[in-house]
file query-v2.cif (mmCIF, C-alpha atoms)
data_query
loop_
_atom_site.label_atom_id
_atom_site.label_comp_id
_atom_site.auth_asym_id
_atom_site.auth_seq_id
_atom_site.Cartn_x
_atom_site.Cartn_y
_atom_site.Cartn_z
CA PRO A 1 65.42 97.52 98.92
CA PRO A 2 67.33 95.72 101.67
CA SER A 3 67.76 97.70 104.86
CA THR A 4 71.08 98.84 106.27
CA ARG A 5 70.59 96.64 109.31
CA CYS A 6 70.07 93.49 107.25
CA SER A 7 73.06 94.27 105.07
CA LEU A 8 75.48 94.67 107.95
CA HIS A 9 74.13 91.66 109.81
CA ASP A 10 73.77 89.10 107.05
CA CYS A 11 76.43 89.70 104.42
CA ALA A 12 79.28 88.95 106.85
CA LEU A 13 81.46 91.71 105.52
CA LEU A 14 82.07 93.48 108.80
CA ARG A 15 82.88 90.19 110.49
CA ARG A 16 82.92 86.61 109.30
CA ARG A 17 81.54 84.02 111.67
CA PRO A 18 84.41 81.81 112.83
CA LEU A 19 84.41 78.36 111.31
CA ARG A 20 86.70 77.09 114.05
CA PRO A 21 85.42 78.12 117.50
CA LEU A 22 87.91 79.32 120.14
CA MET A 23 90.75 79.68 117.62
CA LYS A 24 93.46 82.04 118.80
CA PHE A 25 93.28 85.43 117.15
CA GLY A 26 96.82 85.21 115.79
CA ARG A 27 95.78 82.13 113.85
CA VAL A 28 92.58 83.82 112.66
CA LEU A 29 94.60 86.77 111.38
CA GLN A 30 96.99 84.47 109.56
CA LEU A 31 94.19 82.54 107.86
CA ARG A 32 92.02 85.49 106.90
CA ALA A 33 94.70 87.87 105.70
CA ILE A 34 94.11 89.02 102.12
CA PRO A 35 97.27 87.89 100.23
CA GLU A 36 97.90 91.14 98.34
CA TRP A 37 97.80 93.15 101.58
CA ARG A 38 99.47 90.62 103.88
CA GLU A 39 102.47 92.87 104.52
CA SER A 40 100.18 95.71 105.63
CA TYR A 41 98.42 93.97 108.51
CA ILE A 42 99.14 94.77 112.15
CA GLY A 43 102.15 92.71 113.32
CA TYR A 44 100.03 91.04 116.00
CA LYS A 45 102.27 88.08 116.82
CA ARG A 46 105.34 90.27 116.96
CA PHE A 47 103.68 92.60 119.48
CA LYS A 48 102.48 89.61 121.47
CA ARG A 49 105.99 88.22 121.77
CA LEU A 50 107.25 91.58 122.93
CA LEU A 51 104.59 91.86 125.63
CA LYS A 52 105.49 88.45 127.01
CA ARG A 53 108.83 89.90 128.01
CA LEU A 54 107.43 92.93 129.84
CA PRO A 55 107.12 91.28 133.30
CA THR A 56 110.84 90.41 133.14
CA ALA A 57 111.63 94.01 132.27
CA GLN A 58 109.60 95.31 135.22
CA SER A 59 111.25 92.98 137.71
CA SER A 60 114.84 93.43 136.51
CA GLY A 61 114.71 97.07 135.42
CA SER A 62 116.22 96.19 132.05
CA PHE A 63 115.35 94.60 128.77
CA SER A 64 118.15 92.88 126.91
CA PRO A 65 117.19 91.10 123.69
CA THR A 66 118.69 92.23 120.38
CA ALA A 67 117.79 95.57 118.86
CA SER A 68 115.47 94.90 115.95
CA LEU A 69 111.93 96.06 115.40
CA SER A 70 111.08 94.54 112.03
CA LEU A 71 107.41 93.58 112.07
CA ARG A 72 107.42 92.81 108.39
CA GLU A 73 109.71 89.77 108.48
CA PRO A 74 108.21 86.70 106.75
CA SER A 75 108.65 84.65 109.92
CA GLU A 76 107.53 86.83 112.80
CA LEU A 77 108.00 84.15 115.45
CA GLU A 78 111.74 83.93 114.81
CA ALA A 79 112.33 87.69 114.64
CA PRO A 80 114.66 89.11 117.32
CA LEU A 81 113.17 91.16 120.13
CA LEU A 82 113.98 94.69 121.22
CA SER A 83 116.73 96.06 123.42
CA GLY A 84 116.95 98.86 125.93
CA PRO A 85 115.31 99.70 129.26
CA TYR A 86 111.66 99.09 129.89
CA ALA A 87 110.58 102.68 129.21
CA GLU A 88 112.34 102.59 125.85
CA VAL A 89 110.64 99.32 124.95
CA GLU A 90 107.26 100.85 125.74
CA ALA A 91 108.05 103.82 123.51
CA LEU A 92 109.18 101.54 120.70
CA PHE A 93 106.01 99.48 121.08
CA PHE A 94 103.83 102.50 120.37
CA ALA A 95 106.16 103.74 117.66
CA ALA A 96 105.79 100.37 115.95
CA LEU A 97 102.02 100.54 116.39
CA ASP A 98 102.01 103.95 114.72
CA ASP A 99 104.05 102.54 111.84
CA ASP A 100 101.66 99.62 111.38
CA LEU A 101 98.64 101.93 111.48
CA ARG A 102 100.27 104.07 108.79
CA ARG A 103 100.48 101.01 106.53
CA VAL A 104 96.86 100.11 107.24
CA ASN A 105 95.77 103.67 106.49
CA GLU A 106 97.64 103.77 103.19
CA VAL A 107 95.98 100.63 101.88
CA SER A 108 92.55 101.59 103.21
CA VAL A 109 92.51 105.10 101.74
CA ALA A 110 93.85 104.07 98.33
CA GLU A 111 91.44 101.14 97.94
CA THR A 112 88.44 103.06 99.28
CA GLU A 113 88.94 105.91 96.86
CA SER A 114 89.36 103.50 93.96
CA ILE A 115 86.25 101.51 94.87
CA GLU A 116 84.23 104.66 95.52
CA THR A 117 84.75 105.79 91.94
CA SER A 118 83.41 102.49 90.64
CA VAL A 119 80.47 102.52 93.06
CA THR A 120 79.46 105.92 91.66
CA LEU A 121 79.31 104.37 88.19
CA ALA A 122 77.22 101.47 89.48
CA THR A 123 74.72 103.48 91.52
CA GLY A 124 74.41 106.72 89.56
CA GLY A 125 71.35 107.78 87.64
CA GLU A 126 72.56 105.81 84.63
CA ALA A 127 73.89 102.47 85.79
CA LEU A 128 77.07 102.01 83.77
CA LEU A 129 78.05 98.65 85.24
CA SER A 130 76.48 95.27 84.57
CA GLN A 131 75.24 93.04 87.39
CA GLU A 132 78.36 90.88 87.01
CA GLU A 133 80.57 93.95 87.38
CA VAL A 134 78.60 95.08 90.44
CA ALA A 135 79.06 91.62 91.99
CA ALA A 136 82.81 91.75 91.36
CA LEU A 137 82.96 95.23 92.92
CA TYR A 138 80.97 94.02 95.93
CA CYS A 139 83.42 91.15 96.45
CA ARG A 140 86.36 93.55 96.22
CA LEU A 141 84.68 95.74 98.81
CA ALA A 142 84.17 92.68 101.03
CA LYS A 143 87.91 92.05 101.05
CA LEU A 144 88.64 95.65 101.96
CA ARG A 145 86.12 95.61 104.80
CA SER A 146 87.60 92.36 106.10
CA PHE A 147 91.08 93.94 106.00
CA MET A 148 90.01 96.99 107.98
CA SER A 149 87.91 95.01 110.46
CA LEU A 150 90.68 92.51 111.25
CA ASN A 151 93.21 95.28 111.80
CA ALA A 152 90.87 97.15 114.14
CA THR A 153 90.36 93.96 116.13
CA ALA A 154 94.11 93.31 116.21
CA VAL A 155 94.80 96.76 117.67
CA LYS A 156 92.12 96.33 120.32
CA LYS A 157 93.34 92.89 121.36
CA ILE A 158 97.01 93.81 121.54
CA LEU A 159 96.24 96.91 123.61
CA LYS A 160 94.20 94.79 126.01
CA LYS A 161 97.23 92.57 126.43
CA PHE A 162 99.44 95.61 126.94
CA ASP A 163 97.18 96.95 129.71
CA LYS A 164 97.03 93.51 131.31
CA ASN A 165 100.82 93.31 131.42
CA MET A 166 100.95 96.82 132.88
CA ALA A 167 98.46 96.07 135.66
CA GLY A 168 99.88 96.95 139.05
CA THR A 169 102.52 99.35 137.71
CA GLY A 170 100.47 102.49 138.30
CA ARG A 171 100.07 103.29 134.61
CA GLU A 172 96.71 104.34 133.22
CA PRO A 173 95.16 101.82 130.79
CA GLN A 174 96.01 102.75 127.21
CA LEU A 175 93.08 101.02 125.51
CA PRO A 176 90.42 103.78 125.97
CA SER A 177 92.62 106.61 124.71
CA VAL A 178 94.04 104.67 121.78
CA MET A 179 90.62 103.36 120.71
CA LYS A 180 89.30 106.92 120.81
CA ARG A 181 92.17 107.97 118.60
CA LEU A 182 91.52 104.98 116.36
CA GLU A 183 88.06 106.29 115.55
CA ALA A 184 89.68 109.30 113.87
CA GLU A 185 92.25 107.27 111.93
CA PRO A 186 91.78 107.32 108.13
CA PHE A 187 91.10 103.58 107.97
CA SER A 188 88.23 103.94 110.51
CA VAL A 189 86.72 106.67 108.37
CA CYS A 190 87.14 104.38 105.36
CA ARG A 191 85.34 101.59 107.22
CA ARG A 192 82.28 103.79 107.62
CA ARG A 193 82.44 104.83 103.98
CA ALA A 194 82.77 101.18 102.93
CA ASP A 195 79.71 100.23 104.98
CA GLY A 196 77.69 102.81 103.13
CA MET A 197 79.00 101.67 99.74
CA ALA A 198 77.99 98.07 100.50
CA VAL A 199 74.43 99.20 101.15
CA GLU A 200 74.40 101.28 97.95
CA LEU A 201 75.56 98.32 95.86
CA GLU A 202 72.89 96.08 97.35
CA ARG A 203 70.24 98.65 96.52
CA ALA A 204 71.53 98.79 92.95
CA MET A 205 70.74 95.09 92.54
CA PRO A 206 67.30 93.47 92.23
CA PRO A 207 66.14 92.34 95.71
CA ASP A 208 66.10 88.68 94.67
CA LYS A 209 69.79 88.93 93.68
CA VAL A 210 71.02 90.29 97.01
CA PRO A 211 71.33 86.91 98.84
CA ARG A 212 73.39 85.59 95.95
CA LEU A 213 75.52 88.75 96.06
CA ARG A 214 76.27 88.20 99.74
CA GLN A 215 77.13 84.56 99.15
CA LEU A 216 79.56 85.56 96.42
CA ALA A 217 81.25 87.93 98.86
CA GLN A 218 81.61 85.17 101.46
CA ASP A 219 83.04 82.82 98.85
CA ALA A 220 85.51 85.50 97.73
CA LEU A 221 86.77 85.90 101.29
CA LYS A 222 87.20 82.15 101.68
CA ARG A 223 89.14 81.92 98.42
CA ALA A 224 91.32 84.85 99.45
CA GLY A 225 92.35 82.91 102.55
CA GLY A 226 92.87 79.73 100.56
CA GLY A 227 89.82 78.12 102.17
CA ARG A 228 92.08 76.95 104.97
CA GLU A 229 89.75 77.84 107.85
CA SER A 230 87.43 74.91 107.24
CA ARG A 231 90.18 72.30 106.79
CA PRO A 232 92.08 70.55 109.56
CA ASN A 233 95.84 71.00 109.53
CA ALA A 234 96.84 67.60 108.19
CA LEU A 235 100.51 67.63 109.20
CA PRO A 236 100.07 68.65 112.88
CA LEU A 237 97.11 66.28 113.11
CA ALA A 238 99.15 63.35 111.80
CA LEU A 239 102.17 64.19 113.95
CA SER A 240 100.10 64.51 117.13
CA LEU A 241 98.35 61.18 116.58
CA ALA A 242 101.63 59.50 115.59
CA ALA A 243 103.35 60.77 118.75
CA GLY A 244 100.52 59.46 120.88
CA LEU A 245 100.63 56.09 119.10
CA ILE A 246 104.38 55.77 119.60
CA VAL A 247 104.11 56.54 123.31
CA ALA A 248 101.20 54.12 123.71
CA LEU A 249 102.92 51.18 121.95
CA ALA A 250 106.62 51.74 122.61
CA PRO A 251 108.26 49.18 124.93
CA LEU A 252 108.66 51.37 128.03
CA GLU A 253 110.30 49.44 130.85
CA ALA A 254 108.50 51.22 133.69
CA PHE A 255 105.08 50.24 132.39
CA GLU A 256 106.14 46.70 131.42
CA GLN A 257 107.44 45.97 134.91
CA ALA A 258 104.25 47.25 136.49
CA ASP A 259 102.17 45.23 134.01
CA ARG A 260 99.95 48.24 133.40
CA PRO A 261 99.49 48.62 129.62
CA GLU A 262 96.37 50.74 130.18
CA ALA A 263 98.44 53.37 131.98
CA GLN A 264 100.88 53.58 129.06
CA ARG A 265 98.06 53.88 126.57
CA CYS A 266 96.49 56.60 128.69
CA LEU A 267 99.80 58.47 128.51
CA GLY A 268 99.72 58.08 124.72
CA VAL A 269 96.23 59.59 124.60
CA LEU A 270 97.46 62.48 126.74
CA VAL A 271 100.42 63.14 124.42
CA ALA A 272 98.16 63.10 121.35
CA THR A 273 95.63 65.41 123.02
CA VAL A 274 98.27 67.92 124.10
CA GLY A 275 99.70 67.91 120.57
CA LEU A 276 96.30 68.58 119.04
CA TRP A 277 95.60 71.34 121.54
CA LEU A 278 98.93 73.12 121.07
CA SER A 279 98.95 72.86 117.27
CA GLU A 280 95.24 73.72 116.86
CA ALA A 281 95.14 71.05 114.16
CA VAL A 282 91.42 70.73 114.84
CA PRO A 283 89.04 73.01 116.79
CA PHE A 284 89.31 72.82 120.56
CA PHE A 285 85.83 71.31 120.92
CA ALA A 286 86.78 68.54 118.48
CA THR A 287 89.93 67.80 120.48
CA ALA A 288 87.79 67.48 123.62
CA LEU A 289 85.40 65.09 121.86
CA LEU A 290 88.32 62.99 120.60
CA VAL A 291 89.62 62.24 124.10
CA PRO A 292 87.04 59.53 125.04
CA VAL A 293 87.18 58.11 121.51
CA LEU A 294 90.97 57.77 121.65
CA ALA A 295 90.83 56.38 125.19
CA VAL A 296 88.49 53.57 124.19
CA ALA A 297 90.07 52.91 120.79
CA SER A 298 93.58 52.68 122.23
CA GLY A 299 92.59 50.44 125.09
CA ALA A 300 93.44 53.04 127.72
CA VAL A 301 90.15 52.20 129.42
CA PRO A 302 90.14 48.63 130.81
CA PRO A 303 87.66 46.36 128.99
CA LYS A 304 85.75 45.58 132.19
CA LEU A 305 85.17 49.30 132.82
CA VAL A 306 83.97 49.83 129.25
CA HIS A 307 81.53 46.90 129.68
CA LYS A 308 80.19 48.27 132.97
CA THR A 309 79.74 51.82 131.74
CA GLY A 310 78.14 50.54 128.55
#

call {"tool": "encode", "arguments": {"input": "query-v2.cif", "output": "structure tokens"}}
result
Amino acid sequence: PPSTRCSLHDCALLRRRPLRPLMKFGRVLQLRAIPEWRESYIGYKRFKRLLKRLPTAQSSGSFSPTASLSLREPSELEAPLLSGPYAEVEALFFAALDDDLRRVNEVSVAETESIETSVTLATGGEALLSQEEVAALYCRLAKLRSFMSLNATAVKKILKKFDKNMAGTGREPQLPSVMKRLEAEPFSVCRRRADGMAVELERAMPPDKVPRLRQLAQDALKRAGGGRESRPNALPLALSLAAGLIVALAPLEAFEQADRPEAQRCLGVLVATVGLWLSEAVPFFATALLVPVLAVASGAVPPKLVHKTG
């Protein structure tokens, strides 16, 4: 039977290898969220926006956005921020974190108990589930493990940002104590139980079926996220390139008087590159590789220089 080590390393249920390197975690969370549990994820972007205001609160001694703490709004980026003095904001931050963890725990416990009952039927002395049913159960377990893993990562990352914003204020870092507490949270216990159930299900299958089982789990996770991770964002990509093209070809008087079309085209390449970088329409490494291509294709590089370097 497959070993525990191989199961946790190869089946990509604890973590899925990123298809788009260097993508911001907020974007990863958005793409990988399981639709039926989307409202139960940690409100990562909402916390991040709050933390961006902490330096202002420290310097002014006050914090004066509007008083709303809804992390479950459909559009987190437009949600109003908190009000009150800095100490109150800090307290509300951790109160909100507790509320989000409660939601994560509720989903994790309910789903783990439900899946555990089915795993018992699949791995008991008399296997009562067919191989197809075991595969479906394994895929369901993959989604649950992804849910718990992403939320654990979100908590860790947002606490790192909190401690970074608090640097120099004399406060003790919160990450070690909260992560220690996190290990005792119900969803962390469920993660360990889910790891064991994944191994049990693999052992219930013929060894030659295990690679296929893992592939099915990966495919299920991709479908749950709409398969969007591997596709460029068409609209931001088109808008970025269009903005660069407009800047490069528009009749700008300053460049026309100087008779320097290459400089204007170079500005167009810069605009397109910045747009691609900010929108994350394509991976960062792809944006970097596009720069010389766009420079040559747009004529930003003088023909004589292209000939010499060629």

call {"tool": "residues_around", "arguments": {"input": "query-v2.cif", "residues": "Val155 of chain A", "least_positions_apart": "5", "cutoff": "12 Å", "atoms": "all atoms listed in the file", "output": "PDB file with C-alpha atoms, in the coordinates of the input"}}
result
ATOM      1  CA  PHE A  25      93.280  85.430 117.150  1.00  0.00           C
ATOM      2  CA  GLY A  26      96.820  85.210 115.790  1.00  0.00           C
ATOM      3  CA  LEU A  29      94.600  86.770 111.380  1.00  0.00           C
ATOM      4  CA  TYR A  41      98.420  93.970 108.510  1.00  0.00           C
ATOM      5  CA  ILE A  42      99.140  94.770 112.150  1.00  0.00           C
ATOM      6  CA  GLY A  43     102.150  92.710 113.320  1.00  0.00           C
ATOM      7  CA  TYR A  44     100.030  91.040 116.000  1.00  0.00           C
ATOM      8  CA  LYS A  45     102.270  88.080 116.820  1.00  0.00           C
ATOM      9  CA  PHE A  47     103.680  92.600 119.480  1.00  0.00           C
ATOM     10  CA  LYS A  48     102.480  89.610 121.470  1.00  0.00           C
ATOM     11  CA  PHE A  94     103.830 102.500 120.370  1.00  0.00           C
ATOM     12  CA  ALA A  96     105.790 100.370 115.950  1.00  0.00           C
ATOM     13  CA  LEU A  97     102.020 100.540 116.390  1.00  0.00           C
ATOM     14  CA  ASP A  98     102.010 103.950 114.720  1.00  0.00           C
ATOM     15  CA  ASP A 100     101.660  99.620 111.380  1.00  0.00           C
ATOM     16  CA  LEU A 101      98.640 101.930 111.480  1.00  0.00           C
ATOM     17  CA  VAL A 104      96.860 100.110 107.240  1.00  0.00           C
ATOM     18  CA  MET A 148      90.010  96.990 107.980  1.00  0.00           C
ATOM     19  CA  SER A 149      87.910  95.010 110.460  1.00  0.00           C
ATOM     20  CA  LEU A 150      90.680  92.510 111.250  1.00  0.00           C
ATOM     21  CA  LYS A 160      94.200  94.790 126.010  1.00  0.00           C
ATOM     22  CA  LYS A 161      97.230  92.570 126.430  1.00  0.00           C
ATOM     23  CA  PHE A 162      99.440  95.610 126.940  1.00  0.00           C
ATOM     24  CA  GLN A 174      96.010 102.750 127.210  1.00  0.00           C
ATOM     25  CA  LEU A 175      93.080 101.020 125.510  1.00  0.00           C
ATOM     26  CA  PRO A 176      90.420 103.780 125.970  1.00  0.00           C
ATOM     27  CA  VAL A 178      94.040 104.670 121.780  1.00  0.00           C
ATOM     28  CA  MET A 179      90.620 103.360 120.710  1.00  0.00           C
ATOM     29  CA  LYS A 180      89.300 106.920 120.810  1.00  0.00           C
ATOM     30  CA  ARG A 181      92.170 107.970 118.600  1.00  0.00           C
ATOM     31  CA  LEU A 182      91.520 104.980 116.360  1.00  0.00           C
ATOM     32  CA  GLU A 183      88.060 106.290 115.550  1.00  0.00           C
TER      33      GLU A 183
END

call {"tool": "resolve_selection", "arguments": {"input": "query-v2.cif", "expression": "the PyMOL selection byres ((chain A and resi 236-252) around 6)", "output": "PyMOL selection string"}}
result
chain A and resi 233-235+253-255+264-265+268-269+271-272+275-276+281

call {"tool": "atom_distance", "arguments": {"input": "query-v2.cif", "atom1": "atom CA of Ala194 of chain A", "atom2": "atom CA of Ile158 of chain A"}}
result
24.6 Å

call {"tool": "residues_around", "arguments": {"input": "query-v2.cif", "residues": "Ala220 of chain A", "least_positions_apart": "3", "cutoff": "10 Å", "atoms": "only C-alpha atoms", "output": "JSON, numbers by chain"}}
result
{"A": [136, 138, 139, 140, 142, 143, 214, 215, 216, 217, 223, 224, 225, 226, 227]}

call {"tool": "residues_around", "arguments": {"input": "query-v2.cif", "residues": "Thr123 of chain A", "least_positions_apart": "2", "cutoff": "10 Å", "atoms": "all atoms listed in the file", "output": "ChimeraX atom specification"}}
result
/A:118-121,125-129,134,197,200-205

call {"tool": "atom_distance", "arguments": {"input": "query-v2.cif", "atom1": "atom CA of Leu141 of chain A", "atom2": "atom CA of Ile115 of chain A"}}
result
7.2 Å

call {"tool": "closest_residue", "arguments": {"input": "query-v2.cif", "among": "A:Gly124, A:Pro186, A:Pro211, A:Pro173", "to": "Val107 of chain A", "atoms": "only C-alpha atoms"}}
result
A:Pro186

call {"tool": "atom_distance", "arguments": {"input": "query-v2.cif", "atom1": "atom CA of Ala33 of chain A", "atom2": "atom CA of Ala288 of chain A"}}
result
28.0 Å

call {"tool": "resolve_selection", "arguments": {"input": "query-v2.cif", "expression": "the PyMOL selection byres ((chain A and resi 105) around 10)", "output": "PyMOL selection string"}}
result
chain A and resi 40+99-104+106-111+148+185-190
